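Colleague: Sharing a structure with you now.
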Amino acid sequence: MLLSALVVVPAVTTGADEVKPLRLCADPTNLPFSSDDPAKPGLYLEIGQALAQRLGRPVTYSWYKSYFGKRTVRVTLLSKQCDAMIGLPLVDDFMGPAVIFSKSIAREGYALVSAKDRQLTGIDELRGLRVAVQYQTTPQNLLALRDEIVKVTVLSPDEGMQKLDEGKADVAFVWAPVAGWLNKTVYGDKYRVVPTEGEGLLWSTAIGFAKAGSGLRDEVDAVLPLLREEIDRLFVKYGVPNDATIKFGQNGVTGTATAAVPVEPKTEPTTVGQVASDKAPSGGDKQADLAAGQELFNGTCGHCHGPNAVQAERKIDLRLLKKRYGEDMEATYWKTVNDGRPAKGMPAWKEVFNEDQLKSVYVYLQSVQDSGS
Amino acid sequence: MVLKSRGFFAGASLAALLMVGASDVKANDSVMKAVADPNGWAIAGHDYGNTRFSALKQITSENANKLQLVYSLSLASLRSNESSPVVIGNTLYVSTSWGPKFVYAVDAATGVRKWTYEPDIPEDTLQYACCDVNSRGVSFADGKILVGRLDGKLTALDANTGKELWTAKVVDYKQGSVITSPPLIVRDKVITGFGGGEYGVRGALLAFDLNSGKQVWQTYTVPAPGEPGSDTWKGDTGLHGGGAAWLVGSYDAKTDTVYWGTSNPGPWNTAVRSTGDGNFGKLTNLYTASTLAIDPNTGKIKWHFQGTPADAWDYDGVNELVLADLDINGANTPAMMKADRNGFFFVVNRETGTPISAEKYVYTSWAKKFDLKTMRAEEDPDKRPGPGHPAKDVCPNLIGGKNWQPMSFNPQTGLVYIPANNVCMDWSVSDVTYKRGVFYLGAEFPTKEGPGGFLGELIAWDPVASKKVWGIKSDLPFNGGTLTTAGNLVFWGDLHGDFKAIDAKSGKVLWNKNLGSGIGAGPVTYSVNDKQYIAVVVGRTVALPAFLGEIGKKMVAATPEGGALFVFALP
């Protein structure tokens with residue numbers, strides 16, 4: 001008997017390169033997002049596995065705990081320990097230009113968690129209640145000057161849910177993905193988890209790459225639309241909520257929360273944020289809009305953003321909006337000009353200009369977008 | 001400026017003599033014996049007052065230019081090496097970075113190793129620790145060597161054999177707390193703090209029994225609702241308020257008092273724990289950014305003073321308290337001195353807690369002056385940052401006018417030798433950062449140069465007249481600690497790795513040797529068989545520059561990482 005008949009030959013065709021694994025950096029102890037337990041890989045790693053399958057590559061992992069987010073990125077992704085890191089905030093200034101991003105894979109933010117019979121539509125309804133907030137997060141900042149709301153400080157969203165369950169808090173205002181997952185897996189779905197939105201309360205999430213990985217990033221972007229349903233399914237599997245949001249402006253403006261909507265697979269990016277399409281484009285003359293918008297822009301916005309939007313400082317260069325936000329550009333525009341970004345010195349304009357005026361500025365901005373690659 | 005008692009105290013450390021001659025209360029017999037031996041270096045800071053002054057004067061400003069290398073010891077561990085060795089008899093004990101990775105006991109005259117201790121430090125400590133993996137030294141008492149560890153534990157070793165006697169858990173390192181400084185030993189109690197104040201921990205000091213390692217007391221530095229000081233915090237925020245005591249303590253036997261500094265409060269958003277602006281009233285966040293006077297028997301806080309009420313700048317109050325008797329307005333005054341991170345040099349009566357002076361020792365822009373009557377700074381409201389209110393050109397930078405690198409006090413010159421920083425910062429809220437998948441808005445503080453075209457300076461400071469007498473400027477911040485001797489000398493290493501002997505009165509550099517890597521540690525001196533030695537640990541920080549932008553890059557580019565002990569003597 002020939003020995004070679006018993007030997008298993010690896011399936012490598014002559015002349016072909018071995019398929020390199022897709023290396024993912026992840027925190028090994030961070031469910032629902034990631035874990036090194038193969039039975040429970042976590043939301044991000046399941047997305048990573050689906051992605052790798054589409055790319056025709058096996059997956060390997062590089063583990064590092066993420067108590068210090070930026071340091072973790074530096075020590076792993078930027079030190080070539082892996083090819084991609086799933087679940088980074090899609091914000092241009094987050095470690096750019098060293099870190100680049102895929103298109104958005106989802107929106108993640110903070111949620112109000114409470115008993116199902118508690119109807120919460122805004123910050124004012126928290127008056128007199130005990131609200132668990134995580135140390136150093138936006139909810140803690142948002143409620144800081146509201147003395148009529150009792151804050152119960154916790155160090156993690158898990159601890160926030162625990163306080164709620166122990167009756168030491170009436171509401172937990174914590175990171176929605178963790179809240180939703182715990183609600184589903186630990187607390188038997190007994191709580192209502194309502195996402196919120198507003199400055200610092202909701203972000204787009206994406207896959208991060210080192211700048212040199214732009215080739216892989218483009219490959220990933222190309223297959224992401226094919227993974228849309230799978231990603232949505234995984235978010236549902238992990239209990240990440242998809243209800244309409246409660247909107248908190250910087251001035252604590254209340255919005256309305258509709259009843260929980262049954263989740264259906266979507267064909268667009270999972271978004272729980274403000275939908276821009278209810279603002280119908282003005283039926284008027286586009287040219288007139290452009291001229292009016294430019295005049296308004298130069299008279300007001302240009303003082304910081306530069307005349308005709310010519311601006312050297314990247315952070316406030318509005319010619320980069322399309323590049324930065326892609327299909328989220330319009331939603332981001334409206335949110336930013338309506339609510340402002342006070343911490344950054346950007347005022348809120350919705351009480352100052354009417355919708356038509358702000359619309360004309362948007363039309364103007366669209367005409368100056370940077371189209372370079 | 002001339003101390004009345006100069007002649008009387010010749011030949012011995014000022015602080016040590018005070019303590020030995022004092023009342024019935026003793027510190028610890030074995031430690032006092034070691035401290036009283038002018039040939040040794042019994043405590044990382046030389047004595048219980050952390051003066052880092054030695055009476056040895058074989059090496060003087062006349063002959064220091066002849067110093068040559070006697071031996072060097074490779075520490076076998078890179079990244080920040082910050083240890084001041086302790087010398088008892090003819091044995092030198094030094095700890096390394098990374099845990100420490102090693103504690104070595106060597107023959108102080110030859111460098112020949114007697115024993116090596118290698119603790120079992122978990123590999124993942126760096127994933128929890130905020131900053132670098134440093135150890136500033138070990139402590140000696142009763143034939144034991146005490147080591148604080150990066151995994152939040154305290155170990156006692158047999159000083160002769162290096163064998164482990166006991167290990168106590170002080171704090172959970174997984175909450176971000178590490179121990180990086182040598183403990184303080186008073187009688188039979190080993191007292192230590194820990195770091196991690198930025199991450200919502202509750203700061204504390206703990207005492208362990210020297211013989212058994214059992215915990216004797218624990219004193220939190222920040223209050224739970226209802227406890228003393230809780231009315232200086234909003235709601236329950238004191239529980240996660242920080243106030244970590246991560247550097248060294250000092251001790252005064254006469255009043256049987258331990259002094260320790262505490263770190264800044266958290267979170268950065270002052271609206272959460274205070275009013276969010278300069279009108280904080282009572283909401284000063286005690287006892288953060290403060291100096292505590294503590295009873296070593298019970299851990300009870302006797303009194304305190306706060307250097308930065310309702311801190312918004314990350315000005316830790318941990319810098320060491322140097323104890324010395326100063327001639328102030330003709331009166332021999334028992335003082336404590338602190339070169340605070342916030343740019344002010346505090347002089348306080350260490351027996352009564354009465355403040356004596358608080359003057360700027362570096363360029364400081366966040367406050368105009370410090371009002372001693374109210375114990376509040378007169379702040380520049382423009383320089384107090386917060387959400388919706390970024391601040392520009394705030395000086396000092398959060399690394400402070402002085403950081404952990406120790407200063408020293410020479411009773412003969414009457415001067416304090418301070419390794420000072422001249423760096424400023426802007427302050428704003430960042431777009432986003434994350435922790436364990438949770439996104440949040442962090443604070444960012446881009447570093448800027450201080451005025452004058454230099455980033456660091458060795459300042460010879462008169463603590464009575466409150467003025468600089470001489471200074472040696474440096475193009476880098478974060479330079480090393482100082483040693484001063486009765487030979488009219490100051491020894492100081494900088495971040496370029498240049499180790500210098502300097503005339504203590506005039507500031508003239510007498511001798512300079514480059515030792516290959518940046519120096520942060522405080523040098524020490526001792527004598528064996530009538531030969532005086534100067535020893536310094538070398539090896540620059542890695543973690544700190546990451547916070548300092550372009551200036552950080554310069555710090556890293558100046559030298560490679562290192563890890564070695566160098567010992568010098570006259571030929």
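Following the order of the structure tokens, first chain is A, next is B, and so on, with residues numbered from 1 inside each chain and ligands from 1 in the order they appear.
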Tell me, which residues of range 176-406 of chain B carry DSSP strand (DSSP E), written as number ranges by chain?

Modeller: B: 184-186, 189-192, 204-209, 215-220, 249-252, 257-261, 290-294, 301-306, 322-328, 331-339, 344-349, 355-360, 367-371, 376-379, 391-394

Colleague: Would you kindly return, as a list in words, each protein, DNA or RNA residue with an atom no farther than 8 Å from any atom of Gly563 in chain B, considering only C-alpha atoms and excluding same-chain residues fewer than 4 positions away?

Modeller: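 Residues near the query, excluding close chain neighbours: Ser74, Leu75, Ala76, Ser77, Leu78, Arg79, Ser80, Asn81, Thr96, Ser517, Val537, Val538 and Gly539 of chain B.
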
Colleague: Which residues come within 7 Å of Tyr93 in chain B, counting only C-alpha atoms, excluding same-chain residues fewer than 5 positions away, as a list in words?

Modeller: Pro85, Val86, Val87, Val103, Tyr104, Ala105 and Val106 of chain B

Colleague: Could you give me, as a tab-separated table, every chain A residue with an atom at most 9 Å from chain B, plus its closest atom pair and distance in Å to one decimal, counting only C-alpha atoms, rows ordered by chain then number?

Modeller:
```
residue	atom	partner	partner_atom	distance
A:Asp27	CA	B:Arg436	CA	7.6
A:Thr29	CA	B:Arg436	CA	9.0
A:Asn30	CA	B:Arg436	CA	6.5
A:Phe33	CA	B:Gly437	CA	7.1
A:Tyr64	CA	B:Gln127	CA	7.4
A:Lys65	CA	B:Gln127	CA	6.0
A:Ser66	CA	B:Arg436	CA	5.1
A:Tyr67	CA	B:Lys435	CA	5.0
A:Phe68	CA	B:Lys435	CA	5.6
A:Gly69	CA	B:Tyr434	CA	4.8
A:Lys70	CA	B:Thr433	CA	6.7
A:Thr72	CA	B:Gln127	CA	8.3
A:Gly87	CA	B:Gly437	CA	7.1
A:Leu88	CA	B:Gly437	CA	8.0
A:Pro89	CA	B:Phe439	CA	7.1
A:Val91	CA	B:Asp431	CA	7.5
A:Asp93	CA	B:Asp431	CA	6.8
A:Phe94	CA	B:Val432	CA	6.5
A:Glu108	CA	B:Phe439	CA	8.6
A:Gly109	CA	B:Phe439	CA	7.6
A:Tyr110	CA	B:Val438	CA	8.9
A:Tyr135	CA	B:Gly200	CA	6.6
A:Gln136	CA	B:Pro267	CA	5.6
A:Thr137	CA	B:Tyr440	CA	5.2
A:Thr138	CA	B:Tyr440	CA	6.2
A:Gln140	CA	B:Val272	CA	6.9
A:Asn141	CA	B:Val272	CA	6.3
A:Leu142	CA	B:Val272	CA	9.0
A:Leu143	CA	B:Val272	CA	7.9
A:Ala144	CA	B:Val272	CA	4.5
A:Leu145	CA	B:Ala271	CA	6.3
A:Asp147	CA	B:Lys234	CA	8.7
A:Val150	CA	B:Gly235	CA	7.4
A:Lys151	CA	B:Gly235	CA	7.0
A:Val152	CA	B:Asp236	CA	6.8
A:Thr153	CA	B:Thr237	CA	6.8
A:Val154	CA	B:His240	CA	8.5
A:Leu155	CA	B:Gly200	CA	6.9
A:Ser156	CA	B:Val438	CA	8.8
A:Pro157	CA	B:Val438	CA	8.5
A:Trp175	CA	B:Val438	CA	6.2
A:Pro177	CA	B:Val438	CA	8.9
A:Val178	CA	B:Val438	CA	8.7
A:Gly200	CA	B:Leu441	CA	6.6
A:Leu201	CA	B:Tyr440	CA	8.2
A:Leu202	CA	B:Phe439	CA	8.8
A:Trp203	CA	B:Phe439	CA	8.1
A:Arg341	CA	B:Gly388	CA	8.7
A:Pro342	CA	B:Gly388	CA	5.3
A:Ala343	CA	B:Gly388	CA	4.1
A:Lys344	CA	B:Gly388	CA	7.2
A:Gly345	CA	B:Gly388	CA	7.3
```

Colleague: Extract the full set of helix (DSSP H, G or I) residues from range 70-252 of chain B according to DSSP on the backbone, and format it as a ChimeraX atom specification.

Modeller: /B:125-128,173-175,197-199,230-232,237-240

Colleague: Kindly indicate which residue among A:Asp124, A:Val194, A:Gln311, A:Leu112 lies nearest to Met161 in chain A, using only C-alpha atoms for the distances.

Modeller: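 Of the candidates, the smallest distance to Met161 in chain A is held by A:Leu112.
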
Colleague: At a cut-off of 6 Å, using only C-alpha atoms, what residues contact Phe345 in chain B? Leave out same-chain residues fewer than 3 positions from it and give the result as an MDAnalysis selection string.

Modeller: chainID B and resid 338:340 358:359 361

Colleague: Generate the output file for the selected residues, C-alpha atoms, as a PDB file, in the first residue's frame.

Modeller:
```
ATOM      1  CA  LYS B 338       5.059  70.450  48.580  1.00  0.00           C
ATOM      2  CA  ALA B 339       5.780  71.449  44.982  1.00  0.00           C
ATOM      3  CA  ASP B 340       2.218  70.825  43.867  1.00  0.00           C
ATOM      4  CA  ALA B 358       1.750  79.280  48.527  1.00  0.00           C
ATOM      5  CA  GLU B 359       3.670  80.855  45.657  1.00  0.00           C
ATOM      6  CA  TYR B 361       7.283  78.026  41.358  1.00  0.00           C
TER       7      TYR B 361
END
```

Colleague: Quick one: residues within 8 Å of Thr559 in chain B, only C-alpha atoms counted, chain neighbours fewer than 6 positions away excluded, as a PyMOL selection string?

Modeller: chain B and resi 495-497+516-518+540

Colleague: Filtering to N, CA and C atoms, could you give me those residues as a CSV table (one decimal), in the first residue's frame?

Modeller:
```
chain,number,residue,atom,x,y,z
B,495,LEU,N,16.2,63.8,30.9
B,495,LEU,CA,15.6,62.9,30.0
B,495,LEU,C,16.5,62.6,28.8
B,496,HIS,N,17.6,63.3,28.7
B,496,HIS,CA,18.6,63.0,27.7
B,496,HIS,C,19.5,61.9,28.2
B,497,GLY,N,19.4,61.5,29.5
B,497,GLY,CA,20.3,60.5,30.0
B,497,GLY,C,21.6,61.2,30.6
B,516,GLY,N,23.0,56.8,28.7
B,516,GLY,CA,22.4,56.0,27.7
B,516,GLY,C,20.9,56.0,27.6
B,517,SER,N,20.1,56.3,28.6
B,517,SER,CA,18.7,56.3,28.5
B,517,SER,C,18.2,57.4,29.5
B,518,GLY,N,17.0,57.9,29.2
B,518,GLY,CA,16.5,59.0,30.0
B,518,GLY,C,16.4,58.6,31.5
B,540,ARG,N,14.0,55.4,30.6
B,540,ARG,CA,12.9,56.4,30.5
B,540,ARG,C,11.5,55.8,30.4
```

Colleague: Have a look at A:Leu321, A:Pro32, A:Asp328, A:Lys80 and name the one nearest to Lys184 in chain A; count only C-alpha atoms.

Modeller: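 Smallest separation from Lys184 in chain A among the options: A:Pro32.
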
Colleague: Looking at only C-alpha atoms, which of A:Ile149, A:Leu290, A:Ala179, A:Ile47 is the one that sits closest to Ile231 in chain A?

Modeller: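 When distances to Ile231 in chain A are compared using only C-alpha atoms, the smallest one comes from A:Ile47.
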
Colleague: Just to confirm, what's the straight-line distance from CA of Thr185 in chain A to CA of Gly160 in chain A in Å (one decimal)?

Modeller: 15.5 Å

Colleague: Could you tell me how far CA of Ile459 in chain B lies from CA of Ser527 in chain B, in Å and to one decimal?

Modeller: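 Going from CA of Ile459 in chain B over to CA of Ser527 in chain B, I get 27.4 Å.
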
Colleague: Between CA of Arg202 in chain B and CA of Met425 in chain B, measure the distance and give it in Å to one decimal.

Modeller: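 Separation between CA of Arg202 in chain B and CA of Met425 in chain B: 27.0 Å.
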
Colleague: Show me, as a VMD selection string, the residues that have an atom within 10 Å of range 369-380 of chain B when counting only C-alpha atoms, minus same-chain residues fewer than 5 positions from it.

Modeller: chain B and resid 278 284 305 to 310 344 346 354 to 360 364 394

Colleague: For the residues in the current selection, export C-alpha atoms as a CSV table (one decimal), in the first residue's frame.

Modeller:
```csv
chain,number,residue,atom,x,y,z
B,278,GLY,CA,-15.7,78.4,39.4
B,284,THR,CA,-14.7,71.2,46.6
B,305,PHE,CA,-5.3,71.0,53.2
B,306,GLN,CA,-6.5,71.0,49.6
B,307,GLY,CA,-4.3,72.4,46.9
B,308,THR,CA,-6.8,72.5,44.1
B,309,PRO,CA,-10.5,72.6,45.2
B,310,ALA,CA,-13.0,71.3,42.7
B,344,PHE,CA,2.1,76.3,43.6
B,346,PHE,CA,3.0,75.1,49.5
B,354,THR,CA,-1.6,76.3,59.4
B,355,PRO,CA,-0.6,77.4,55.9
B,356,ILE,CA,2.4,79.6,55.7
B,357,SER,CA,2.9,80.3,52.0
B,358,ALA,CA,1.8,79.3,48.5
B,359,GLU,CA,3.7,80.9,45.7
B,360,LYS,CA,4.1,79.9,42.0
B,364,THR,CA,1.0,79.2,36.1
B,394,VAL,CA,-3.7,76.5,30.6
```
